[in-house]
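Shown next: query_11.cif, containing mmCIF, C-alpha atoms.
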```
data_structure
#
loop_
_atom_site.group_PDB
_atom_site.id
_atom_site.type_symbol
_atom_site.label_atom_id
_atom_site.label_comp_id
_atom_site.auth_asym_id
_atom_site.auth_seq_id
_atom_site.Cartn_x
_atom_site.Cartn_y
_atom_site.Cartn_z
ATOM 1 C CA MET T 12 -36.937 -33.444 -31.698
ATOM 2 C CA ALA T 13 -38.957 -33.399 -34.909
ATOM 3 C CA THR T 14 -42.653 -34.047 -35.518
ATOM 4 C CA PHE T 15 -44.113 -35.181 -38.818
ATOM 5 C CA ILE T 16 -47.808 -35.273 -39.671
ATOM 6 C CA SER T 17 -48.967 -38.219 -41.735
ATOM 7 C CA ASN T 18 -52.349 -38.034 -43.445
ATOM 8 C CA SER T 19 -52.456 -41.610 -44.733
ATOM 9 C CA PRO T 20 -50.949 -45.070 -44.235
ATOM 10 C CA ALA T 21 -48.806 -44.481 -47.348
ATOM 11 C CA GLU T 22 -47.394 -41.276 -45.820
ATOM 12 C CA THR T 23 -46.567 -43.112 -42.576
ATOM 13 C CA GLU T 24 -44.667 -45.742 -44.576
ATOM 14 C CA ALA T 25 -42.878 -43.006 -46.526
ATOM 15 C CA ILE T 26 -41.734 -41.345 -43.295
ATOM 16 C CA GLY T 27 -40.273 -44.692 -42.199
ATOM 17 C CA GLY T 28 -38.556 -45.026 -45.567
ATOM 18 C CA ARG T 29 -36.971 -41.586 -45.287
ATOM 19 C CA PHE T 30 -35.887 -42.347 -41.715
ATOM 20 C CA ALA T 31 -34.066 -45.479 -43.004
ATOM 21 C CA LYS T 32 -31.504 -43.267 -44.739
ATOM 22 C CA ASP T 33 -30.186 -42.121 -41.340
ATOM 23 C CA VAL T 34 -30.228 -45.531 -39.629
ATOM 24 C CA GLY T 35 -26.911 -47.245 -39.007
ATOM 25 C CA LEU T 36 -25.578 -50.465 -37.586
ATOM 26 C CA GLY T 37 -26.747 -50.997 -34.008
ATOM 27 C CA ALA T 38 -29.593 -48.482 -34.175
ATOM 28 C CA ILE T 39 -32.344 -49.101 -31.639
ATOM 29 C CA LEU T 40 -35.755 -47.566 -32.294
ATOM 30 C CA ALA T 41 -38.181 -47.571 -29.371
ATOM 31 C CA LEU T 42 -41.717 -47.014 -30.649
ATOM 32 C CA LYS T 43 -44.650 -45.988 -28.508
ATOM 33 C CA GLY T 44 -48.255 -45.186 -29.294
ATOM 34 C CA GLU T 45 -51.716 -46.646 -29.033
ATOM 35 C CA LEU T 46 -53.128 -49.408 -31.222
ATOM 36 C CA GLY T 47 -53.569 -48.280 -34.812
ATOM 37 C CA SER T 48 -51.288 -45.276 -34.503
ATOM 38 C CA GLY T 49 -48.872 -46.336 -37.264
ATOM 39 C CA LYS T 50 -45.986 -48.148 -35.561
ATOM 40 C CA THR T 51 -46.044 -51.168 -37.872
ATOM 41 C CA LEU T 52 -46.588 -49.048 -41.000
ATOM 42 C CA PHE T 53 -43.557 -46.931 -40.065
ATOM 43 C CA THR T 54 -41.540 -50.138 -39.605
ATOM 44 C CA LYS T 55 -42.741 -51.400 -42.996
ATOM 45 C CA GLY T 56 -41.402 -48.219 -44.593
ATOM 46 C CA LEU T 57 -38.144 -48.481 -42.658
ATOM 47 C CA VAL T 58 -37.555 -52.062 -43.804
ATOM 48 C CA ALA T 59 -38.302 -51.129 -47.431
ATOM 49 C CA GLY T 60 -36.092 -48.036 -47.097
ATOM 50 C CA LEU T 61 -33.224 -50.284 -46.031
ATOM 51 C CA GLY T 62 -33.669 -52.219 -49.247
ATOM 52 C CA SER T 63 -35.400 -55.361 -48.003
ATOM 53 C CA GLY T 64 -38.332 -56.804 -49.903
ATOM 54 C CA ALA T 65 -39.547 -58.648 -46.794
ATOM 55 C CA ALA T 66 -43.258 -58.551 -45.976
ATOM 56 C CA VAL T 67 -43.631 -56.676 -42.683
ATOM 57 C CA ASN T 68 -46.366 -57.684 -40.255
ATOM 58 C CA SER T 69 -47.038 -56.836 -36.649
ATOM 59 C CA PRO T 70 -45.032 -59.259 -34.492
ATOM 60 C CA THR T 71 -47.725 -59.228 -31.793
ATOM 61 C CA PHE T 72 -48.159 -62.988 -31.664
ATOM 62 C CA ALA T 73 -44.635 -64.007 -32.620
ATOM 63 C CA ILE T 74 -42.994 -61.303 -30.420
ATOM 64 C CA LEU T 75 -40.127 -61.027 -32.957
ATOM 65 C CA HIS T 76 -39.829 -60.925 -36.738
ATOM 66 C CA GLU T 77 -36.491 -60.770 -38.522
ATOM 67 C CA TYR T 78 -36.229 -58.999 -41.886
ATOM 68 C CA PRO T 79 -33.012 -59.772 -43.798
ATOM 69 C CA GLY T 80 -32.062 -58.768 -47.303
ATOM 70 C CA GLY T 81 -31.524 -55.038 -46.977
ATOM 71 C CA ARG T 82 -28.571 -52.808 -46.186
ATOM 72 C CA LEU T 83 -28.988 -53.963 -42.559
ATOM 73 C CA PRO T 84 -31.149 -56.709 -41.064
ATOM 74 C CA VAL T 85 -34.097 -55.502 -38.989
ATOM 75 C CA TYR T 86 -35.201 -57.149 -35.728
ATOM 76 C CA HIS T 87 -38.814 -56.161 -35.093
ATOM 77 C CA PHE T 88 -40.061 -56.754 -31.545
ATOM 78 C CA ASP T 89 -43.484 -56.208 -30.018
ATOM 79 C CA PHE T 90 -43.775 -55.879 -26.239
ATOM 80 C CA PHE T 91 -47.596 -55.615 -26.317
ATOM 81 C CA ARG T 92 -48.363 -59.184 -25.199
ATOM 82 C CA LEU T 93 -45.424 -59.562 -22.820
ATOM 83 C CA GLU T 94 -46.791 -59.625 -19.302
ATOM 84 C CA ASP T 95 -43.797 -59.179 -17.022
ATOM 85 C CA ARG T 96 -40.085 -58.493 -16.744
ATOM 86 C CA PRO T 97 -39.050 -62.196 -16.813
ATOM 87 C CA SER T 98 -40.878 -62.580 -20.150
ATOM 88 C CA VAL T 99 -38.819 -59.739 -21.613
ATOM 89 C CA ALA T 100 -35.597 -61.026 -20.066
ATOM 90 C CA ARG T 101 -36.071 -64.438 -21.723
ATOM 91 C CA LEU T 102 -36.032 -62.838 -25.195
ATOM 92 C CA GLY T 103 -32.247 -62.450 -25.175
ATOM 93 C CA LEU T 104 -32.589 -58.827 -26.283
ATOM 94 C CA ASP T 105 -28.894 -58.015 -25.964
ATOM 95 C CA ASP T 106 -28.031 -60.437 -28.779
ATOM 96 C CA TYR T 107 -30.217 -58.340 -31.081
ATOM 97 C CA LEU T 108 -29.808 -54.854 -29.624
ATOM 98 C CA PHE T 109 -26.032 -55.060 -29.736
ATOM 99 C CA GLY T 110 -25.838 -57.262 -32.837
ATOM 100 C CA ASP T 111 -25.446 -56.724 -36.542
ATOM 101 C CA GLY T 112 -28.627 -54.871 -37.453
ATOM 102 C CA VAL T 113 -31.363 -52.441 -36.513
ATOM 103 C CA SER T 114 -33.742 -53.200 -33.645
ATOM 104 C CA VAL T 115 -37.288 -51.829 -33.717
ATOM 105 C CA ILE T 116 -39.346 -52.311 -30.552
ATOM 106 C CA GLU T 117 -43.078 -51.614 -30.632
ATOM 107 C CA TRP T 118 -44.694 -50.814 -27.270
ATOM 108 C CA ALA T 119 -41.213 -50.126 -25.857
ATOM 109 C CA ASP T 120 -42.752 -47.940 -23.155
ATOM 110 C CA ARG T 121 -44.260 -51.046 -21.491
ATOM 111 C CA PHE T 122 -40.781 -52.074 -20.279
ATOM 112 C CA PRO T 123 -38.548 -49.007 -20.641
ATOM 113 C CA GLU T 124 -35.974 -50.459 -18.265
ATOM 114 C CA PHE T 125 -34.960 -52.888 -21.041
ATOM 115 C CA ILE T 126 -34.404 -50.122 -23.592
ATOM 116 C CA PRO T 127 -30.766 -48.977 -23.831
ATOM 117 C CA GLU T 128 -29.963 -45.334 -23.226
ATOM 118 C CA GLN T 129 -28.853 -44.752 -26.830
ATOM 119 C CA ALA T 130 -32.240 -45.792 -28.260
ATOM 120 C CA ARG T 131 -34.164 -43.263 -30.354
ATOM 121 C CA TRP T 132 -37.711 -42.909 -29.081
ATOM 122 C CA ILE T 133 -40.431 -42.418 -31.679
ATOM 123 C CA SER T 134 -43.952 -41.528 -30.532
ATOM 124 C CA PHE T 135 -47.086 -42.083 -32.602
ATOM 125 C CA GLU T 136 -50.270 -40.157 -31.855
ATOM 126 C CA ILE T 137 -53.656 -40.452 -33.531
ATOM 127 C CA LYS T 138 -54.856 -36.961 -34.433
ATOM 128 C CA SER T 139 -57.935 -37.937 -36.464
ATOM 129 C CA GLU T 140 -59.235 -40.901 -38.447
ATOM 130 C CA ASN T 141 -56.400 -40.573 -40.975
ATOM 131 C CA ALA T 142 -53.907 -38.146 -39.413
ATOM 132 C CA ARG T 143 -51.005 -39.237 -37.224
ATOM 133 C CA ALA T 144 -48.311 -37.242 -35.480
ATOM 134 C CA ILE T 145 -44.949 -39.005 -35.484
ATOM 135 C CA THR T 146 -42.393 -37.476 -33.131
ATOM 136 C CA LEU T 147 -38.719 -38.460 -33.326
ATOM 137 C CA LYS T 148 -36.642 -37.770 -30.241
#
```
Please express the file's structure as structure tokens.
Amino acid sequence: MATFISNSPAETEAIGGRFAKDVGLGAILALKGELGSGKTLFTKGLVAGLGSGAAVNSPTFAILHEYPGGRLPVYHFDFFRLEDRPSVARLGLDDYLFGDGVSVIEWADRFPEFIPEQARWISFEIKSENARAITLK
């Protein structure tokens, strides 16, 4: 387990970019943390760190964004607006989680039963207006 302190949005992105160096095919990243804690910024850095020039946005309303063009494609999910287990089941997660890229799931703790055992959990905690603690498990 490792904890990093970010003091700005740019630092949160940079941590995601550094993390991309250690991400391989089939990686599943389960992100948890309150609104505004840096989950999407971390993902933005991860996508850039994998070499994609895709514009990363929160998938809150779309539930899923796909980012091709890098070393590995990234499948970016957001469980925030999903209301129940059947909603998650209809996503066809296995096709992504066990596919050809990296899966990033924001709000993964809302439905942990859908997160495979091999997933790496990453927690985001707001420490102050600008500071965030990012803990990789």
Coordinates-based distance that separates CA of Leu40 in chain T from CA of Ala13 in chain T (Å, one decimal):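 Computing it gives 14.8 Å between the two atoms.
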Run the PyMOL selection byres ((chain T and resi 21-25) around 9) on the file and write out the hits as a CSV table (one decimal) with C-alpha atoms, in the frame of the given file.
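Written file, part12.csv:
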```csv
chain,number,residue,atom,x,y,z
T,16,ILE,CA,-47.8,-35.3,-39.7
T,17,SER,CA,-49.0,-38.2,-41.7
T,18,ASN,CA,-52.3,-38.0,-43.4
T,19,SER,CA,-52.5,-41.6,-44.7
T,20,PRO,CA,-50.9,-45.1,-44.2
T,26,ILE,CA,-41.7,-41.3,-43.3
T,27,GLY,CA,-40.3,-44.7,-42.2
T,28,GLY,CA,-38.6,-45.0,-45.6
T,29,ARG,CA,-37.0,-41.6,-45.3
T,30,PHE,CA,-35.9,-42.3,-41.7
T,49,GLY,CA,-48.9,-46.3,-37.3
T,50,LYS,CA,-46.0,-48.1,-35.6
T,51,THR,CA,-46.0,-51.2,-37.9
T,52,LEU,CA,-46.6,-49.0,-41.0
T,53,PHE,CA,-43.6,-46.9,-40.1
T,54,THR,CA,-41.5,-50.1,-39.6
T,55,LYS,CA,-42.7,-51.4,-43.0
T,56,GLY,CA,-41.4,-48.2,-44.6
T,57,LEU,CA,-38.1,-48.5,-42.7
T,59,ALA,CA,-38.3,-51.1,-47.4
T,60,GLY,CA,-36.1,-48.0,-47.1
T,143,ARG,CA,-51.0,-39.2,-37.2
T,145,ILE,CA,-44.9,-39.0,-35.5
```
By how many Å are CA of Arg92 in chain T and CA of Arg131 in chain T apart?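 Atom-to-atom, CA of Arg92 in chain T and CA of Arg131 in chain T are spaced 21.9 Å apart.
Applied to the file shown here, the PyMOL selection byres ((chain T and resi 85) around 8) selects the residues Val58, Glu77, Tyr78, Pro79, Leu83, Pro84, Tyr86, His87, Gly112, Val113, Ser114 and Val115 of chain T.
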Atoms kept (C-alpha atoms) for selection, written as a PDB file, in the frame of the given file:
```pdb
ATOM      1  CA  VAL T  58     -37.555 -52.062 -43.804  1.00  0.00           C
ATOM      2  CA  GLU T  77     -36.491 -60.770 -38.522  1.00  0.00           C
ATOM      3  CA  TYR T  78     -36.229 -58.999 -41.886  1.00  0.00           C
ATOM      4  CA  PRO T  79     -33.012 -59.772 -43.798  1.00  0.00           C
ATOM      5  CA  LEU T  83     -28.988 -53.963 -42.559  1.00  0.00           C
ATOM      6  CA  PRO T  84     -31.149 -56.709 -41.064  1.00  0.00           C
ATOM      7  CA  TYR T  86     -35.201 -57.149 -35.728  1.00  0.00           C
ATOM      8  CA  HIS T  87     -38.814 -56.161 -35.093  1.00  0.00           C
ATOM      9  CA  GLY T 112     -28.627 -54.871 -37.453  1.00  0.00           C
ATOM     10  CA  VAL T 113     -31.363 -52.441 -36.513  1.00  0.00           C
ATOM     11  CA  SER T 114     -33.742 -53.200 -33.645  1.00  0.00           C
ATOM     12  CA  VAL T 115     -37.288 -51.829 -33.717  1.00  0.00           C
TER      13      VAL T 115
END
```
Which residue of T:Gly110, T:Gly64, T:Pro123, T:Gly103 approaches Phe90 in chain T most closely, using all atoms listed in the file: T:Pro123
Using all atoms listed in the file, find the one residue out of T:Leu61, T:Leu104, T:Ala66, T:Met12 that sits nearest to Val34 in chain T.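 For Val34 in chain T, the nearest of the given residues is T:Leu61.
Computed from the coordinates, the CA of Pro127 in chain T to CA of Leu108 in chain T distance equals 8.3 Å.
Residues selected in this file by the PyMOL selection byres ((chain T and resi 41) around 10) comprise Ala38, Ile39, Leu40, Leu42, Lys43, Lys50, Phe88, Ser114, Val115, Ile116, Glu117, Trp118, Ala119, Asp120, Pro123, Ile126, Pro127, Ala130, Arg131, Trp132, Ile133, Ser134, Leu147 and Lys148 of chain T.
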Can you tell me, as number ranges by chain, what residues are no more than 6 Å from Phe135 in chain T when counting all atoms listed in the file, ignoring any on the same chain fewer than 6 positions away? T: 44, 48, 144-145
Compare T:Val99, T:Ile137, T:Leu46, T:Ala73 by their minimum atom-to-atom distance to Arg121 in chain T, counting all atoms listed in the file, and give me the closest one. T:Val99
Nearest to Gly62 in chain T, restricted to all atoms listed in the file and choosing among T:Leu93, T:Ala142, T:Leu102, T:Ala31, comes out as T:Ala31
Using all atoms of range 37-55 of chain T listed in the file and a margin of 8 Å per side, can you give the axis-aligned box centre and edge lengths in Å to one decimal, as JSON?
```
{"center_x": -40.2, "center_y": -48.3, "center_z": -35.8, "size_x": 42.8, "size_y": 22.2, "size_z": 30.5}
```
